[in-house]
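J.: This is entry.cif, which holds mmCIF, C-alpha atoms:
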data_input
#
loop_
_atom_site.label_atom_id
_atom_site.label_comp_id
_atom_site.auth_asym_id
_atom_site.auth_seq_id
_atom_site.Cartn_x
_atom_site.Cartn_y
_atom_site.Cartn_z
CA MET O 1 -1.04 100.60 -4.78
CA ASN O 2 -4.84 100.52 -5.09
CA ASP O 3 -7.19 99.34 -2.34
CA SER O 4 -7.61 95.90 -3.88
CA SER O 5 -4.18 94.96 -2.58
CA TRP O 6 -5.56 94.82 0.96
CA GLY O 7 -7.60 91.79 0.23
CA ALA O 8 -4.89 89.94 -1.72
CA PRO O 9 -3.57 86.75 -0.22
CA PRO O 10 -0.14 86.84 1.36
CA ARG O 11 2.83 86.13 -0.78
CA ALA O 12 4.80 82.93 -0.56
CA GLY O 13 7.16 82.89 2.35
CA TYR O 14 4.81 84.43 4.91
CA TRP O 15 2.85 82.54 7.62
CA GLY O 16 0.15 85.16 8.15
CA PRO O 17 0.09 87.81 10.87
CA SER O 18 2.80 90.41 10.58
CA ASP O 19 3.71 90.24 14.27
CA GLN O 20 5.11 86.76 13.68
CA GLY O 21 7.73 88.04 11.33
CA PRO O 22 8.80 86.65 8.01
CA LEU O 23 10.22 83.28 7.49
CA GLN O 24 13.93 82.89 7.39
CA GLY O 25 15.26 83.91 4.05
CA ALA O 26 12.06 85.67 2.91
CA ALA O 27 11.85 89.31 1.72
CA PRO O 28 10.73 91.88 4.33
CA ALA O 29 7.13 92.83 4.37
CA GLY O 30 6.16 95.98 2.50
CA PRO O 31 3.77 98.67 3.68
CA ALA O 32 0.84 96.87 2.21
CA TYR O 33 1.30 94.16 4.81
CA ASP O 34 0.58 96.09 7.98
CA ALA O 35 -1.20 94.97 11.14
CA HIS O 36 -4.62 95.71 9.63
CA SER O 37 -3.86 93.36 6.73
CA ALA O 38 -2.52 90.74 9.07
CA GLN O 39 -5.70 90.69 11.10
CA GLN O 40 -7.73 89.81 8.03
CA THR O 41 -5.42 86.96 7.06
CA ARG O 42 -6.12 83.50 8.45
CA PRO O 43 -3.07 82.10 10.18
CA MET O 44 -1.71 78.76 9.02
CA PRO O 45 -1.44 76.13 11.71
CA ILE O 46 2.01 75.38 12.97
CA VAL O 47 3.03 71.93 11.95
CA PRO O 48 5.55 70.32 14.29
CA ASP O 49 8.67 68.99 12.72
CA VAL O 50 8.42 65.28 12.19
CA PRO O 51 11.60 63.62 13.37
CA GLU O 52 13.25 61.50 10.79
CA HIS O 53 13.08 57.86 11.57
CA GLY O 54 16.33 56.14 12.26
CA GLY O 55 17.82 53.18 10.53
CA ASP O 56 16.40 50.81 13.14
CA GLN O 57 12.82 51.65 12.21
CA ASP O 58 11.25 50.36 9.05
CA ASP O 59 9.26 52.33 6.50
CA ASP O 60 5.98 51.06 7.84
CA GLN O 61 6.63 52.66 11.21
CA GLY O 62 7.70 55.90 9.53
CA ALA O 63 4.52 55.90 7.50
CA ALA O 64 2.53 55.39 10.65
CA ARG O 65 4.07 58.55 12.16
CA LEU O 66 2.34 60.69 9.51
CA SER O 67 -1.04 59.62 10.74
CA GLY O 68 -2.96 61.85 13.14
CA PRO O 69 -5.35 64.79 13.22
CA LEU O 70 -3.02 67.10 11.27
CA PHE O 71 -3.22 64.95 8.19
CA ARG O 72 -6.91 64.10 8.14
CA ASP O 73 -9.01 65.27 5.20
CA GLU O 74 -11.31 67.46 7.31
CA PRO O 75 -11.61 71.24 7.90
CA PHE O 76 -9.75 72.95 10.68
CA ARG O 77 -11.55 73.40 13.96
CA ASP O 78 -13.09 76.73 14.91
CA ASP O 79 -10.14 77.67 17.10
CA THR O 80 -7.97 77.72 13.99
CA TYR O 81 -10.00 80.59 12.59
CA ARG O 82 -9.59 82.48 15.85
CA GLY O 83 -5.86 82.61 15.41
CA GLU O 84 -5.15 79.90 17.95
CA THR O 85 -2.62 77.22 17.31
CA PRO O 86 -4.21 73.81 17.47
CA SER O 87 -2.64 71.45 19.89
CA ALA O 88 -0.71 68.71 18.24
CA GLN O 89 -2.08 65.29 18.79
CA PRO O 90 0.33 62.46 19.55
CA TYR O 91 1.49 60.54 16.56
CA ALA O 92 0.07 57.15 15.93
CA ALA O 93 2.59 54.66 17.23
CA VAL O 94 3.01 51.07 16.30
CA PRO O 95 3.29 48.89 19.43
CA GLN O 96 6.72 47.37 19.66
CA ASN O 97 5.57 44.25 21.49
CA PRO O 98 1.96 43.70 20.50
CA GLU O 99 0.12 41.16 22.51
CA PRO O 100 -0.43 37.96 20.51
CA MET O 101 -3.93 37.42 19.29
CA PRO O 102 -5.57 34.52 21.05
CA GLU O 103 -5.58 31.47 18.83
CA ALA O 104 -8.91 30.19 17.71
CA GLN O 105 -10.00 27.11 19.50
CA GLN O 106 -9.80 24.17 17.12
CA PRO O 107 -12.32 21.41 17.55
CA PRO O 108 -10.70 18.24 18.84
CA GLN O 109 -9.76 15.92 16.02
CA PRO O 110 -10.92 12.34 16.34
CA GLN O 111 -8.09 9.96 17.06
CA PRO O 112 -7.54 7.34 14.34
CA GLN O 113 -8.63 3.94 15.43
CA PRO O 114 -6.02 1.18 15.21
CA GLN O 115 -6.64 -0.97 12.18
CA LYS O 116 -7.40 -4.57 12.75
CA LYS O 117 -5.40 -7.16 10.94
CA SER O 118 -7.06 -8.30 7.78
CA ALA O 119 -6.91 -11.75 6.34
CA GLY O 120 -6.63 -10.27 2.87
CA ARG O 121 -9.43 -12.48 1.45
CA ASP O 122 -13.14 -13.02 1.78
CA LEU O 123 -13.14 -15.59 4.58
CA GLY O 124 -16.80 -16.41 4.12
CA SER O 125 -16.36 -17.34 0.47
CA ALA O 126 -13.07 -19.10 1.20
CA ILE O 127 -14.62 -21.28 3.91
CA GLY O 128 -17.64 -22.08 1.76
CA VAL O 129 -15.55 -23.09 -1.23
CA GLY O 130 -13.20 -25.10 0.97
CA VAL O 131 -16.05 -27.05 2.54
CA GLY O 132 -17.54 -27.75 -0.88
CA LEU O 133 -14.25 -29.04 -2.26
CA GLY O 134 -13.76 -31.15 0.84
CA VAL O 135 -17.12 -32.84 0.39
CA VAL O 136 -16.38 -33.66 -3.28
CA ILE O 137 -12.91 -35.01 -2.44
CA ILE O 138 -14.03 -37.16 0.49
CA ALA O 139 -17.02 -38.56 -1.40
CA SER O 140 -14.94 -39.52 -4.44
CA LEU O 141 -12.01 -40.73 -2.37
CA PHE O 142 -13.82 -43.31 -0.25
CA PHE O 143 -16.53 -44.51 -2.58
CA VAL O 144 -14.94 -44.92 -6.02
CA LYS O 145 -11.18 -44.51 -6.45
CA ALA O 146 -11.47 -44.02 -10.21
CA VAL O 147 -13.63 -40.94 -9.64
CA PHE O 148 -10.96 -39.42 -7.45
CA VAL O 149 -8.38 -40.10 -10.18
CA GLY O 150 -10.64 -38.09 -12.49
CA VAL O 151 -10.76 -35.28 -9.93
CA ILE O 152 -6.95 -35.18 -9.87
CA ALA O 153 -6.76 -35.14 -13.68
CA ALA O 154 -9.33 -32.34 -13.91
CA ALA O 155 -7.42 -30.25 -11.36
CA VAL O 156 -4.23 -30.81 -13.35
CA VAL O 157 -5.78 -29.67 -16.62
CA VAL O 158 -7.27 -26.52 -15.07
CA GLY O 159 -3.98 -25.74 -13.32
CA LEU O 160 -2.07 -26.07 -16.60
CA TRP O 161 -4.53 -23.77 -18.31
CA GLU O 162 -4.11 -21.10 -15.60
CA LEU O 163 -0.32 -21.34 -15.65
CA THR O 164 0.09 -21.21 -19.44
CA THR O 165 -2.44 -18.40 -19.74
CA ARG O 166 -0.62 -16.23 -17.19
CA LEU O 167 2.72 -16.94 -18.87
CA GLN O 168 1.39 -15.76 -22.20
CA GLU O 169 -0.37 -12.71 -20.78
CA ARG O 170 2.50 -11.44 -18.63
CA LYS O 171 5.63 -12.71 -20.39
CA GLY O 172 4.56 -13.50 -23.92
CA ILE O 173 5.58 -17.16 -23.47
CA LYS O 174 3.44 -19.58 -25.49
CA ALA O 175 3.78 -22.93 -23.78
CA PRO O 176 1.65 -25.42 -25.85
CA LEU O 177 -1.42 -26.23 -23.79
CA VAL O 178 -2.87 -29.09 -25.86
CA PRO O 179 0.02 -31.58 -25.45
CA LEU O 180 0.44 -30.50 -21.84
CA ALA O 181 -3.21 -31.14 -20.97
CA ILE O 182 -3.34 -34.51 -22.72
CA GLY O 183 0.03 -35.62 -21.40
CA GLY O 184 -0.79 -34.37 -17.88
CA ALA O 185 -4.02 -36.35 -17.65
CA ALA O 186 -2.21 -39.41 -19.03
CA MET O 187 0.51 -38.99 -16.42
CA VAL O 188 -2.02 -39.13 -13.55
CA VAL O 189 -3.69 -42.27 -14.94
CA ALA O 190 -0.34 -43.94 -15.64
CA GLY O 191 0.85 -43.25 -12.10
CA TYR O 192 -2.28 -44.79 -10.62
CA VAL O 193 -2.12 -47.87 -12.88
CA ARG O 194 1.61 -48.47 -13.30
CA GLY O 195 3.14 -46.60 -10.40
CA ALA O 196 6.33 -44.58 -10.62
CA GLU O 197 7.48 -46.35 -13.76
CA GLY O 198 4.32 -45.43 -15.64
CA ALA O 199 4.56 -41.82 -14.40
CA TRP O 200 8.11 -41.41 -15.71
CA VAL O 201 7.25 -42.86 -19.10
CA ALA O 202 4.23 -40.56 -19.43
CA MET O 203 6.39 -37.59 -18.44
CA ALA O 204 8.94 -38.38 -21.13
CA LEU O 205 6.28 -38.73 -23.81
CA THR O 206 4.67 -35.46 -22.74
CA ALA O 207 7.98 -33.63 -23.05
CA LEU O 208 8.49 -35.05 -26.54
CA ALA O 209 4.98 -33.98 -27.54
CA VAL O 210 5.67 -30.43 -26.35
CA LEU O 211 8.85 -30.23 -28.46
CA VAL O 212 7.11 -31.51 -31.58
CA TRP O 213 3.95 -29.47 -31.16
CA ARG O 214 5.87 -26.22 -30.92
CA MET O 215 7.66 -26.97 -34.23
CA THR O 216 4.46 -26.18 -36.11
CA GLU O 217 4.88 -22.48 -35.34
CA SER O 218 7.54 -19.84 -35.97
CA PRO O 219 11.08 -20.62 -34.72
CA GLU O 220 11.14 -17.30 -32.92
CA GLY O 221 10.82 -17.91 -29.17
CA TYR O 222 10.95 -21.69 -29.60
CA LEU O 223 13.45 -22.26 -26.81
CA LYS O 224 11.64 -20.25 -24.15
CA ASP O 225 8.27 -21.75 -25.13
CA VAL O 226 9.37 -25.39 -24.90
CA THR O 227 11.34 -24.67 -21.72
CA ALA O 228 8.22 -23.24 -20.12
CA GLY O 229 6.25 -26.25 -21.40
CA LEU O 230 8.66 -28.73 -19.81
CA PHE O 231 8.58 -26.79 -16.56
CA ALA O 232 4.78 -26.80 -16.55
CA ALA O 233 4.68 -30.56 -17.26
CA PHE O 234 6.91 -31.32 -14.30
CA TYR O 235 5.47 -28.74 -11.91
CA VAL O 236 1.78 -29.59 -12.24
CA PRO O 237 0.94 -33.10 -13.58
CA PHE O 238 4.10 -34.97 -12.63
CA LEU O 239 4.01 -33.89 -8.98
CA ALA O 240 0.27 -34.54 -8.86
CA THR O 241 0.91 -38.11 -10.05
CA PHE O 242 2.29 -38.98 -6.59
CA VAL O 243 -1.21 -38.46 -5.16
CA ALA O 244 -2.54 -41.06 -7.59
CA MET O 245 0.32 -43.38 -6.59
CA MET O 246 -0.64 -43.03 -2.90
CA LEU O 247 -4.23 -43.84 -3.82
CA ALA O 248 -3.19 -47.10 -5.50
CA ALA O 249 -2.17 -48.68 -2.16
CA ASP O 250 -4.57 -50.90 -0.24
CA ASP O 251 -5.13 -48.20 2.36
CA GLY O 252 -4.79 -45.58 -0.36
CA PRO O 253 -7.75 -43.40 0.66
CA TRP O 254 -6.39 -43.06 4.21
CA ARG O 255 -2.95 -42.17 2.90
CA VAL O 256 -4.39 -39.52 0.64
CA LEU O 257 -6.54 -38.23 3.49
CA THR O 258 -3.47 -38.02 5.73
CA PHE O 259 -1.63 -36.13 3.01
CA LEU O 260 -4.48 -33.65 2.57
CA LEU O 261 -5.09 -33.20 6.30
CA LEU O 262 -1.44 -32.53 7.12
CA THR O 263 -1.09 -29.99 4.31
CA VAL O 264 -4.28 -28.15 5.25
CA VAL O 265 -3.41 -28.19 8.95
CA SER O 266 0.07 -26.86 8.20
CA ASP O 267 -1.34 -23.97 6.18
CA THR O 268 -3.98 -23.29 8.84
CA GLY O 269 -1.43 -23.29 11.66
CA ALA O 270 0.85 -20.94 9.73
CA TYR O 271 -2.03 -18.58 9.07
CA ALA O 272 -3.47 -18.63 12.60
CA VAL O 273 -0.18 -18.19 14.45
CA GLY O 274 1.27 -15.76 11.93
CA TRP O 275 -1.84 -13.58 11.92
CA ARG O 276 -1.94 -13.40 15.71
CA PHE O 277 1.72 -13.41 16.71
CA GLY O 278 3.67 -12.85 13.49
CA ARG O 279 6.34 -10.16 13.78
CA THR O 280 9.47 -11.35 11.97
CA LYS O 281 9.27 -11.69 8.21
CA LEU O 282 10.23 -15.06 6.80
CA ALA O 283 10.97 -14.07 3.20
CA PRO O 284 9.97 -10.41 2.71
CA ARG O 285 11.23 -10.24 -0.87
CA ILE O 286 9.14 -13.24 -1.92
CA SER O 287 6.06 -13.25 0.31
CA PRO O 288 5.85 -10.34 2.78
CA GLY O 289 2.87 -11.87 4.57
CA LYS O 290 4.73 -14.94 5.84
CA THR O 291 6.49 -14.81 9.19
CA ARG O 292 8.83 -17.03 11.14
CA GLU O 293 6.26 -17.27 13.87
CA GLY O 294 3.81 -18.56 11.28
CA LEU O 295 6.33 -21.19 10.21
CA LEU O 296 6.64 -22.36 13.81
CA GLY O 297 2.86 -22.56 13.96
CA ALA O 298 2.83 -24.67 10.80
CA VAL O 299 5.43 -27.04 12.24
CA GLY O 300 3.64 -27.41 15.56
CA PHE O 301 0.19 -27.98 14.09
CA ALA O 302 1.47 -30.37 11.42
CA MET O 303 3.48 -32.48 13.88
CA VAL O 304 0.53 -32.92 16.20
CA ALA O 305 -1.75 -33.78 13.28
CA GLY O 306 0.87 -36.15 11.87
CA ALA O 307 1.19 -38.04 15.14
CA LEU O 308 -2.58 -38.48 15.34
CA CYS O 309 -2.95 -39.54 11.70
CA MET O 310 -0.12 -42.07 11.76
CA GLN O 311 -1.39 -43.51 15.01
CA PHE O 312 -5.06 -43.87 14.08
CA LEU O 313 -5.40 -43.72 10.27
CA ILE O 314 -2.40 -45.54 8.80
CA ASP O 315 -1.98 -49.27 9.27
CA ASP O 316 1.19 -50.18 11.19
CA GLY O 317 1.93 -46.49 11.69
CA SER O 318 3.39 -44.96 14.87
CA TRP O 319 3.00 -41.56 16.49
CA TRP O 320 6.74 -40.74 16.35
CA GLN O 321 6.65 -41.38 12.60
CA GLY O 322 3.82 -38.89 12.46
CA LEU O 323 5.97 -36.27 14.16
CA LEU O 324 8.63 -36.62 11.46
CA LEU O 325 6.00 -36.69 8.75
CA GLY O 326 4.39 -33.52 10.08
CA LEU O 327 7.73 -31.74 10.23
CA ALA O 328 8.51 -32.69 6.63
CA VAL O 329 5.05 -31.62 5.46
CA ALA O 330 5.37 -28.20 7.12
CA ALA O 331 8.72 -27.64 5.39
CA SER O 332 7.60 -28.81 1.93
CA ALA O 333 4.27 -26.95 2.09
CA THR O 334 6.01 -23.71 3.05
CA LEU O 335 8.59 -24.11 0.29
CA GLY O 336 5.86 -24.86 -2.23
CA ASP O 337 3.94 -21.77 -1.19
CA LEU O 338 7.06 -19.64 -1.47
CA GLY O 339 7.87 -21.19 -4.86
CA GLU O 340 4.56 -20.18 -6.39
CA SER O 341 4.79 -16.77 -4.71
CA MET O 342 8.10 -16.37 -6.53
CA ILE O 343 6.42 -17.24 -9.84
CA LYS O 344 3.54 -14.85 -9.24
CA ARG O 345 5.88 -12.05 -8.18
CA ASP O 346 7.88 -12.55 -11.36
CA LEU O 347 4.67 -12.41 -13.38
CA GLY O 348 3.42 -9.39 -11.43
CA ILE O 349 0.11 -10.95 -10.35
CA LYS O 350 -1.56 -11.72 -7.03
CA ASP O 351 -3.49 -14.86 -7.98
CA MET O 352 -3.17 -17.38 -10.78
CA GLY O 353 -6.90 -17.23 -11.46
CA THR O 354 -10.35 -16.36 -10.17
CA LEU O 355 -12.09 -19.71 -10.45
CA LEU O 356 -12.42 -20.25 -6.69
CA PRO O 357 -13.92 -17.26 -4.81
CA GLY O 358 -11.89 -16.41 -1.74
CA HIS O 359 -9.02 -18.64 -2.89
CA GLY O 360 -8.01 -17.40 -6.33
CA GLY O 361 -7.38 -20.10 -8.89
CA ILE O 362 -6.78 -23.82 -8.77
CA MET O 363 -3.04 -23.26 -8.78
CA ASP O 364 -3.37 -21.05 -5.72
CA ARG O 365 -4.68 -24.11 -3.83
CA LEU O 366 -2.24 -26.56 -5.36
CA ASP O 367 0.85 -24.52 -4.53
CA SER O 368 1.54 -26.29 -1.22
CA LEU O 369 -0.04 -29.64 -2.19
CA LEU O 370 2.06 -30.35 -5.29
CA PRO O 371 5.54 -30.34 -3.70
CA THR O 372 4.22 -32.08 -0.58
CA ALA O 373 2.82 -35.08 -2.50
CA PRO O 374 6.17 -36.75 -3.32
CA VAL O 375 7.44 -36.10 0.24
CA VAL O 376 4.44 -37.83 1.87
CA TRP O 377 4.48 -40.67 -0.67
CA LEU O 378 8.18 -41.36 -0.01
CA LEU O 379 7.96 -41.22 3.79
CA LEU O 380 4.90 -43.46 3.88
CA VAL O 381 6.71 -46.00 1.70
CA VAL O 382 9.68 -45.86 4.06
CA PHE O 383 7.58 -46.12 7.24
CA VAL O 384 4.89 -48.63 6.30
CA GLY O 385 5.74 -49.86 2.78
CA SER O 386 4.06 -49.29 -0.58
CA GLY O 387 0.94 -51.26 0.44
#
What is this structure when it is put down as structure tokens?
T.:
Amino acid sequence: MNDSSWGAPPRAGYWGPSDQGPLQGAAPAGPAYDAHSAQQTRPMPIVPDVPEHGGDQDDDQGAARLSGPLFRDEPFRDDTYRGETPSAQPYAAVPQNPEPMPEAQQPPQPQPQPQKKSAGRDLGSAIGVGVGLGVVIIASLFFVKAVFVGVIAAAVVVGLWELTTRLQERKGIKAPLVPLAIGGAAMVVAGYVRGAEGAWVAMALTALAVLVWRMTESPEGYLKDVTAGLFAAFYVPFLATFVAMMLAADDGPWRVLTFLLLTVVSDTGAYAVGWRFGRTKLAPRISPGKTREGLLGAVGFAMVAGALCMQFLIDDGSWWQGLLLGLAVAASATLGDLGESMIKRDLGIKDMGTLLPGHGGIMDRLDSLLPTAPVVWLLLVVFVGSG
């Protein structure tokens, strides 16, 4: 073998210096691999056996065991070239119970403020409109009765327009407005001039006019249209006629004022007590905002107001009659309010109109007045006569 074999690298299976001996299973070293050759060969570092990780350690921990100085991409230290075995560094270990990282301090969140009860309407506009209507009513009521009859007729016509418009918009029901408006105004005048007899005659003629008027259009939907027309004729103008009948008495303005005061006081008492103390719902499926506590407030306020009105405003009236009158007004006003709430819920609307800011439409103010009018008229006739 020529001299170039002295500088050849060792064959596979040998670690380096000859005094270490061959690896197990390797061929014995030949004469070319003597001590002189071994001294010129750089020894390979001894790599400790890496224990296999058990089944209770995951792959991530096993991968972490391969980290350390022996597996860094850097040259061996100088002592490696001097034939010394580098000391094995401890394997990187994953802490079994690492200390939890301190949580970041979160800024304190502001506590939500309790919401105040809302009236649900613009009270400023509602009060302003209410005062304005009150001035018009009082002025027409005590100075010229005929003017107040005109006010009732105008309210009836506007209420019919709101009701028929909502029926057509939401249900597709075309109750004829023209005969209803004419017949409604005639009903109010007839009640004031001829009393109950005139009111019933005007109601019958209005119903007949509705049936005939609807015949000029397609037969499709005739029954539902005329039924809605008859309902509207009874609900708005016929009930309003009892106000005109109260006005026809000698002390008519005071009777009408008593009727209006008791209805307004009942609604105000229900609102004030219900808003402050209301907890138990009265009719949640019809009007979720009404409570039993509010009803008690309506009864209490109306009875006190009734006793005062009958004692000081109505001729030959007595305070105990006022208590009964106030109780009846609270019941009828609440039922009237619930009745229109039922209609509006069926139609899927909140208000019948937007004519009165803060109140809605005319029908939203007549809801408790209309069914209360015949009750007050009847009880006043029973207590003190027709006048």
J.: For a test of reading the model, state the distance in Å between atom CA of Phe312 of chain O and atom CA of Val188 of chain O, rounded to one decimal.
T.: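 Computing the Euclidean distance for atom CA of Phe312 of chain O and atom CA of Val188 of chain O yields 28.2 Å.
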J.: Between atom CA of Leu370 of chain O and atom CA of Ala244 of chain O, what is the distance, to one decimal in Å?
T.: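 So the two atoms, atom CA of Leu370 of chain O and atom CA of Ala244 of chain O, lie 11.9 Å apart.
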J.: So that each row is one residue of segment 322-367 of chain O with an atom at most 9 Å from segment 276-286 of chain O, can you give its shortest atom pair and the distance in Å to one decimal, using only C-alpha atoms, rows by chain and rising number, as a tab-separated table?
T.:
residue	atom	partner	partner_atom	distance
O:Leu338	CA	O:Ile286	CA	6.7
O:Gly339	CA	O:Ile286	CA	8.6
O:Ser341	CA	O:Ile286	CA	6.3
O:Met342	CA	O:Ile286	CA	5.7
O:Arg345	CA	O:Ile286	CA	7.2
J.: Have a look at O:Phe259, O:Trp213, O:Tyr271, O:Tyr235 and name the one nearest to Gly184 of chain O; count only C-alpha atoms.
T.: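 Of the candidates, the smallest distance to Gly184 of chain O is held by O:Tyr235.
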J.: For Trp200 of chain O, work out the shell of residues within 10 Å, counting all atoms listed in the file and skipping chain neighbours fewer than 3 positions away, then give it as an mmCIF file with C-alpha atoms, in the coordinates of the input.
T.:
data_model
loop_
_atom_site.group_PDB
_atom_site.id
_atom_site.type_symbol
_atom_site.label_atom_id
_atom_site.label_comp_id
_atom_site.auth_asym_id
_atom_site.auth_seq_id
_atom_site.Cartn_x
_atom_site.Cartn_y
_atom_site.Cartn_z
ATOM 1 C CA MET O 187 0.510 -38.990 -16.420
ATOM 2 C CA ALA O 190 -0.340 -43.940 -15.640
ATOM 3 C CA GLY O 191 0.850 -43.250 -12.100
ATOM 4 C CA ARG O 194 1.610 -48.470 -13.300
ATOM 5 C CA GLY O 195 3.140 -46.600 -10.400
ATOM 6 C CA ALA O 196 6.330 -44.580 -10.620
ATOM 7 C CA GLU O 197 7.480 -46.350 -13.760
ATOM 8 C CA MET O 203 6.390 -37.590 -18.440
ATOM 9 C CA ALA O 204 8.940 -38.380 -21.130
ATOM 10 C CA LEU O 205 6.280 -38.730 -23.810
ATOM 11 C CA THR O 206 4.670 -35.460 -22.740
ATOM 12 C CA PHE O 238 4.100 -34.970 -12.630
ATOM 13 C CA THR O 241 0.910 -38.110 -10.050
#
J.: For atom CA of Leu230 of chain O and atom CA of Val149 of chain O, quote the distance in Å rounded to one decimal.
T.: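 The value is 22.6 Å.
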J.: Could you list, as a list in words, every residue within 12 Å of Val193 of chain O, counting all atoms listed in the file and ignoring same-chain residues fewer than 6 positions away?
T.: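 Near Val193 of chain O, the qualifying residues are Lys145, Ala146, Val149, Ala186, Met187, Ala199, Ala202, Thr241, Phe242, Ala244, Met245, Met246, Leu247, Ala248 and Ala249 of chain O.
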J.: Would you write out, as a PyMOL selection string, every residue that the PyMOL selection byres ((chain O and resi 267) around 12) captures in this file?
T.: chain O and resi 260-266+268-275+290+294-302+326+329-337+365-369+372
J.: Hey, which of O:Leu163, O:Leu177, O:Met215, O:Val136 ends up closest to Gly353 of chain O? Count all atoms listed in the file.
T.: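 Ranked by minimum distance to Gly353 of chain O, first place goes to O:Leu163.
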J.: From the options O:Leu355, O:Leu323, O:Ala209, O:Ile314, which residue's atoms come nearest to Ser386 of chain O, counting only C-alpha atoms?
T.: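 That would be O:Ile314, the residue with the smallest distance to Ser386 of chain O.
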J.: My list of candidates is O:Met310, O:Gly252, O:Ala373, O:Thr258. Which is closest to Phe143 of chain O when distances are computed with all atoms listed in the file?
T.: O:Gly252
J.: Using only C-alpha atoms for the distances, tell me which of O:Ile362, O:Ala328, O:Val376, O:Val381 is nearest to Leu133 of chain O.
T.: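 Closest to Leu133 of chain O of all the choices is O:Ile362.
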J.: Can you tell me, as a list in words, what residues are no more than 12 Å from Lys171 of chain O when counting all atoms listed in the file, ignoring any on the same chain fewer than 2 positions away?
T.: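 After dropping sequence-adjacent residues, the list is Leu163, Thr164, Thr165, Arg166, Leu167, Gln168, Glu169, Ile173, Lys174, Ala175, Gly221, Lys224, Asp225, Ala228, Ile343, Lys344, Asp346, Leu347, Gly348 and Ile349 of chain O.
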J.: Which of these, O:Pro176, O:Gly360, O:Met352, O:Asp315, has the shortest distance to Leu380 of chain O once you count all atoms listed in the file?
T.: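 Among O:Pro176, O:Gly360, O:Met352, O:Asp315, it is O:Asp315 that comes nearest to Leu380 of chain O.
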J.: Identify all residues satisfying the PyMOL selection byres ((chain O and resi 322) around 8) in the given file; provide them as a VMD selection string.
T.: chain O and resid 303 to 311 317 to 321 323 to 326
J.: Kindly output segment 296-308 of chain O as an mmCIF file, in the coordinates of the input, after building N, CA and C atoms.
T.:
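The new file selection33.cif reads:
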data_model
loop_
_atom_site.group_PDB
_atom_site.id
_atom_site.type_symbol
_atom_site.label_atom_id
_atom_site.label_comp_id
_atom_site.auth_asym_id
_atom_site.auth_seq_id
_atom_site.Cartn_x
_atom_site.Cartn_y
_atom_site.Cartn_z
ATOM 1 N N LEU O 296 6.663 -21.546 12.588
ATOM 2 C CA LEU O 296 6.640 -22.360 13.810
ATOM 3 C C LEU O 296 5.237 -22.900 14.086
ATOM 4 N N GLY O 297 4.224 -22.069 13.808
ATOM 5 C CA GLY O 297 2.860 -22.560 13.960
ATOM 6 C C GLY O 297 2.556 -23.693 13.009
ATOM 7 N N ALA O 298 3.037 -23.588 11.771
ATOM 8 C CA ALA O 298 2.830 -24.670 10.800
ATOM 9 C C ALA O 298 3.496 -25.956 11.266
ATOM 10 N N VAL O 299 4.704 -25.853 11.765
ATOM 11 C CA VAL O 299 5.430 -27.040 12.240
ATOM 12 C C VAL O 299 4.695 -27.678 13.418
ATOM 13 N N GLY O 300 4.302 -26.862 14.384
ATOM 14 C CA GLY O 300 3.640 -27.410 15.560
ATOM 15 C C GLY O 300 2.309 -28.082 15.231
ATOM 16 N N PHE O 301 1.487 -27.409 14.454
ATOM 17 C CA PHE O 301 0.190 -27.980 14.090
ATOM 18 C C PHE O 301 0.367 -29.248 13.271
ATOM 19 N N ALA O 302 1.298 -29.212 12.305
ATOM 20 C CA ALA O 302 1.470 -30.370 11.420
ATOM 21 C C ALA O 302 2.036 -31.578 12.185
ATOM 22 N N MET O 303 2.923 -31.361 13.126
ATOM 23 C CA MET O 303 3.480 -32.480 13.880
ATOM 24 C C MET O 303 2.429 -33.146 14.757
ATOM 25 N N VAL O 304 1.600 -32.341 15.384
ATOM 26 C CA VAL O 304 0.530 -32.920 16.200
ATOM 27 C C VAL O 304 -0.443 -33.700 15.311
ATOM 28 N N ALA O 305 -0.839 -33.094 14.188
ATOM 29 C CA ALA O 305 -1.750 -33.780 13.280
ATOM 30 C C ALA O 305 -1.111 -35.039 12.698
ATOM 31 N N GLY O 306 0.181 -34.977 12.410
ATOM 32 C CA GLY O 306 0.870 -36.150 11.870
ATOM 33 C C GLY O 306 0.899 -37.299 12.866
ATOM 34 N N ALA O 307 1.174 -36.984 14.125
ATOM 35 C CA ALA O 307 1.190 -38.040 15.140
ATOM 36 C C ALA O 307 -0.177 -38.701 15.265
ATOM 37 N N LEU O 308 -1.239 -37.918 15.242
ATOM 38 C CA LEU O 308 -2.580 -38.480 15.340
ATOM 39 C C LEU O 308 -2.935 -39.318 14.107
#
